[in-house]
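Colleague: Below are the structure tokens for one structure; questions will follow.
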Amino acid sequence: MIHQSAVEKRQSIINQSKQRAIETATHLSITQAKIISDTRDYLEYLATVPQIQNPSHPRCGHFLQSVLRLNPNYVNIGIPRADGELLCNGLPMNRAVNVFDREYFQQSLTERTFAISTYQLDRAAGKTSVNFSYPVIGADDNVVGVAVAVVSLDWWSRQLSGHELPPGTVAFITDTAGLVVANYPVEPSRHGKPATDYGVSVDPVADNLSDDIVSIQNVRRIYIHRTLYRKDDGSEVTVSIGIPIEDALQQADAAFTKSLVYFALFMLAVALIAARAMHLSIIRPLQKLTVAAARLEQGEFSHQPVLSGVDEIRNLSTHFETMASARLTAEVRANRQREELDSIFSALPDLYFKLNIKGVILDYKASEPAELYTEADNFLGKRMVDVLPAETGEIFEANLREHFNSRRLTSWEYPLEIDGQEMFFEARANSINNSDEAVLVIRNITRQKEAERSMRLAALVHDNSSECMVVTDSNGIILNVNPAFTRVTGYQKEEVIGLKTSALSSGRHDKAFYKEMWEVLKTEGRWQGEIFNRKKSGEIFPEWLSINTIVDEQGEPVQHVALYRDITEQKKATEVIWRQAHFDELTGLPNRNTLSDRIEQEIKKANRHDSSVALLFLDLDQFKEVNDTLGHDKGDLLLQQVAQRLLGAVREEDTVARQGGDEFTIVMGDIQSIAPAERVAETIIDQLAEPFRIDEDNIYISASIGIAFYPDDAADSIGLITSADQAMYAAKEGGRNRFNCFTRAMQDRAMQRMEMIKDLRIALQERQFSLNYQPIICLKSRQLCKAEALIRWNHPQKGLIRPDAFIPLAEEVFLISAIGEWVFDEACCAVKQLRSRYGDDFQISVNLSPAQFSTSDHNLLHWLPKLEQQGLDGSAIVAEITEGLLMNSDEASLEKLLAFRDGGIQVALDDFGTGYSSLAYIQEYDIDYIKIDQAFVRNLSADSDSFALCEAIIVMAHKLGIKVIAEGIETEQQLELLIAANCDYGQGYLFSKPLEMETFNQLPQAFLPECLSEG
């Protein structure tokens, strides 16, 4: 039993050490295979970089030097051409190097695949190394070279040293020829020698590598071998690890030997004293030993030495205690090694699972349990498909099935949503030798994926950005440019890579400019500003340039990224915008914005020199007729010629500006009297009197000019313009084609006008207006059938103001529309009331201003809907217009008049006979009534010209189907003559003066002769 127990104990120690070696070897194989995989991915990426595509070009070497500085893992990186000549190298080249005879080079060249060399002395680096290679495919799909990364054996050995391995552990990596290329502890003397130097045999073409127990220099180790990379011919790059088991075995053997010896002595002693003290000397001590053995089995040891009994029993007790202590010590050491391995697992950012061939999870290791997808207990005893989402679980099942079939390292990637966030993971499965179990390592690669996505996004931005991008090294050598750079500058990428950025310099900036730029870059890490550069065509263009510095881990600059855009069009647009803001587009003269600045400048100068400033405000007379008769195009040509004549009439230092429309201004500074301004005004009037030749037409035009002076007439630029404007209106009122100087009386009239405008606005708000109604009588029946609504303004301070005092001003400041709308609303209410007394055909006439027919005023189109709301039809209202509206009508006026006709609203032509009295216009606009002006009725007698004219108007109107209303009837004689001439209607003081609504509503329905005599 003692022999069997010792054998089982020995085998248990071996199995524990083997398991520890398997787990350590598996971890090492994953990390070392990752180094090979990362190198392959990096070489595959380098093979696609444009700088690598032509190994003979100097920029290839510059580029590799930058790459080598960023990748300290490699002792050298080179791109041999297809003939093996190494012209593109990361290290300086002191001699010619050709690697055409290298096996790895031939494999990448002919098979177009990734290859790994055997142990060798690198010809370019001069160091023992293992070289990794990948083919470089050109644009014509031919191999133009091979990308080679040289890994120093010393570096690889140091990588092995970076892992926390149990004390006494030996690890080494063998190439496909079975030669050692890296080892731990680091022993360069063993590099390039076969693995037998360690006492083990590693077959480079074996399908499966098992574990061995090897004794070297009296130290026994258990060796486990794992494949890092397998070539197509079956040869492999292998990592081997040997875990020492000598101490544990020796202790077990020693304990076994002692136990055996003392057990024999014990049995002899028992035979000799069996008769004397079986119970006291043997049985009782053996019971104590049995209890101690049971506790030892539980991992506890509290045995008290046997002090009674035979010496052999006491010795046996002592030796048992020694054996137990040895066992516990071995267990402590084994536990310590297990804890060290657990520490390794905890230090790595991976999840480790142990699976059987059915995919059932036997054990797991996790540095942070929170990193598990679900609770840890949910994994043990289950398959991944039972724990993970269905789709992800199926991925695991398929890959694990493939792995157990091939027994090769299997890796895959998969996404997984955790706490609402999508994350990405990489899984690697590797079998445990001589078992149906495997180790599954899972790593979170979300950040790596995000970095790759960011790199792809950066590449998309780089290739598709509308801004030019240039990447240089720290010395300003161009490493890369984007397509926008080619579009803007005309340079192809191949033409500028490897050149200094100074090759694009325009020559407009001196050395001090660039020195300051580089100083800012050095101190602040960025610079931006406007700069001029030169295109390939030689064209110099402005650009807005931003430069940012990229630094390494030590904070040293390694690259610069420059972004810029061509701002030629932007500067042109800015210039155009500035000119549009300050100059008139039609004439090229300064506009009103610039005019204000010029006046302010001249005022400041006048204050310094104690002089005056004159402002001439010029308005062309009857310019509207030019536009109406010849068209706006010729009107614009006339304005351009007027501007040129004005420029020729003033002094060189004077400013001619266009105020707007047909208004111009002239600023004359530094004058001592009014004489220079008057001379200029006279010159302008004389020059404008000459005909203007526009195409085939001779156009004559004049101007009215107002002149104001600073500081006599105004204290600032705004006041000066206002005073000159008032003087110009005085010149127009004085007959046009003349100039007037500003006077205080003009200021007073302007103030009165402004005050009345303000009062008009208040009157609208406070309803200070009222309507009076003057009756219109049918002369045949003497019946009251119509009334004319006449507005009155009851000013609270000034009393009653007549319409002819405020209506023209209301038209000028666009208040007439609001006033007219109020009049119409009041008339609608009145006619509804009066129809109930005087009959359903009673009408009220409302006077309309031409301004109410303008294009922008749409209130008249609302009349018909308003009448409908009041329950009235269009016949309730008669719209009174003047002949001026017909003469100056446009489409908008005609549209409103036709809308009146279609809606049943009749139209009366007021003051007929005092204007143009055009029959053509009367026919065109379908007039319903003509009102004979009271100027003809006032002097009416049987033999007067006025009677003849009235009679002719009445006859003409009747021939055209138009009714006639005579205004201003004041005597019975006038009435009788108009009745005799067949006049239809009459109104005037003979019948009644205009009345308020309450009084009007008391008038009789029939105006008989006795009523008139009573009136």
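Labels for the structure tokens follow display order: chains A, B, ..., residues from 1 in each chain, ligands from 1.
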Assign secondary structure with DSSP using the backbone only, and return the residues of region 787-842 of chain A in alpha helix (DSSP H) as a count of residues only.
Modeller: 33
Colleague: For Phe709 (chain A), find every residue with an atom within 7 Å (counting only C-alpha atoms), except residues of its own chain fewer than 4 positions away, and show them as a PyMOL selection string.
Modeller: chain A and resi 612-615+713-714+720
Colleague: If you count only C-alpha atoms, which residues fall within 6 Å of Ala1006 (chain A), apart from same-chain ones fewer than 2 positions away, as a ChimeraX atom specification?
Modeller: /A:782-784,1004,1008
Colleague: Those residues you just picked out, can you put them in a file as a compact mmCIF listing (two decimals), in the first residue's frame with all heavy atoms?
Modeller:
```txt
# COMPACT_ATOMS: atom_id res chain seq x y z
N ARG A 782 -87.00 113.60 -58.73
CA ARG A 782 -86.66 114.38 -57.54
C ARG A 782 -86.55 113.48 -56.28
O ARG A 782 -86.70 113.96 -55.16
CB ARG A 782 -87.73 115.46 -57.29
CG ARG A 782 -87.91 116.45 -58.41
CD ARG A 782 -86.67 117.31 -58.62
NE ARG A 782 -86.85 118.28 -59.68
CZ ARG A 782 -87.28 119.53 -59.49
NH1 ARG A 782 -87.59 119.93 -58.27
NH2 ARG A 782 -87.41 120.35 -60.51
N GLN A 783 -86.26 112.17 -56.49
CA GLN A 783 -86.12 111.23 -55.38
C GLN A 783 -84.66 111.20 -54.87
O GLN A 783 -83.71 111.29 -55.65
CB GLN A 783 -86.52 109.81 -55.81
CG GLN A 783 -87.98 109.69 -56.20
CD GLN A 783 -88.90 109.84 -55.01
OE1 GLN A 783 -88.66 109.26 -53.96
NE2 GLN A 783 -89.95 110.64 -55.16
N LEU A 784 -84.50 111.08 -53.57
CA LEU A 784 -83.18 110.90 -52.97
C LEU A 784 -82.76 109.43 -53.18
O LEU A 784 -83.36 108.52 -52.61
CB LEU A 784 -83.23 111.21 -51.46
CG LEU A 784 -81.94 110.94 -50.66
CD1 LEU A 784 -80.77 111.74 -51.19
CD2 LEU A 784 -82.18 111.26 -49.18
N PRO A 1004 -86.07 114.10 -46.36
CA PRO A 1004 -87.23 113.50 -47.04
C PRO A 1004 -86.79 112.63 -48.22
O PRO A 1004 -85.71 112.81 -48.77
CB PRO A 1004 -88.03 114.72 -47.50
CG PRO A 1004 -87.01 115.79 -47.66
CD PRO A 1004 -86.01 115.55 -46.56
N LEU A 1008 -89.20 117.92 -53.54
CA LEU A 1008 -90.12 118.63 -54.41
C LEU A 1008 -89.77 120.12 -54.38
O LEU A 1008 -89.04 120.58 -53.49
CB LEU A 1008 -91.54 118.40 -53.91
CG LEU A 1008 -91.98 116.91 -53.90
CD1 LEU A 1008 -93.38 116.77 -53.31
CD2 LEU A 1008 -91.92 116.34 -55.31
```
Colleague: For Ser781 (chain A), please output as number ranges by chain all residues within 10 Å (counting only C-alpha atoms; exclusion window: fewer than 4 positions along the same chain).
Modeller: A: 777, 785, 984-985, 1006-1008
Colleague: So how many Å separate CA of Arg761 (chain A) and CA of Leu800 (chain A), to one decimal?
Modeller: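 A separation of 16.4 Å between them.
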Colleague: Between A:Ala981, A:Ala438, A:Ile445, A:Leu898, single out the one closest to Glu413 (chain A), counting only C-alpha atoms.
Modeller: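 When distances to Glu413 (chain A) are compared using only C-alpha atoms, the smallest one comes from A:Ile445.
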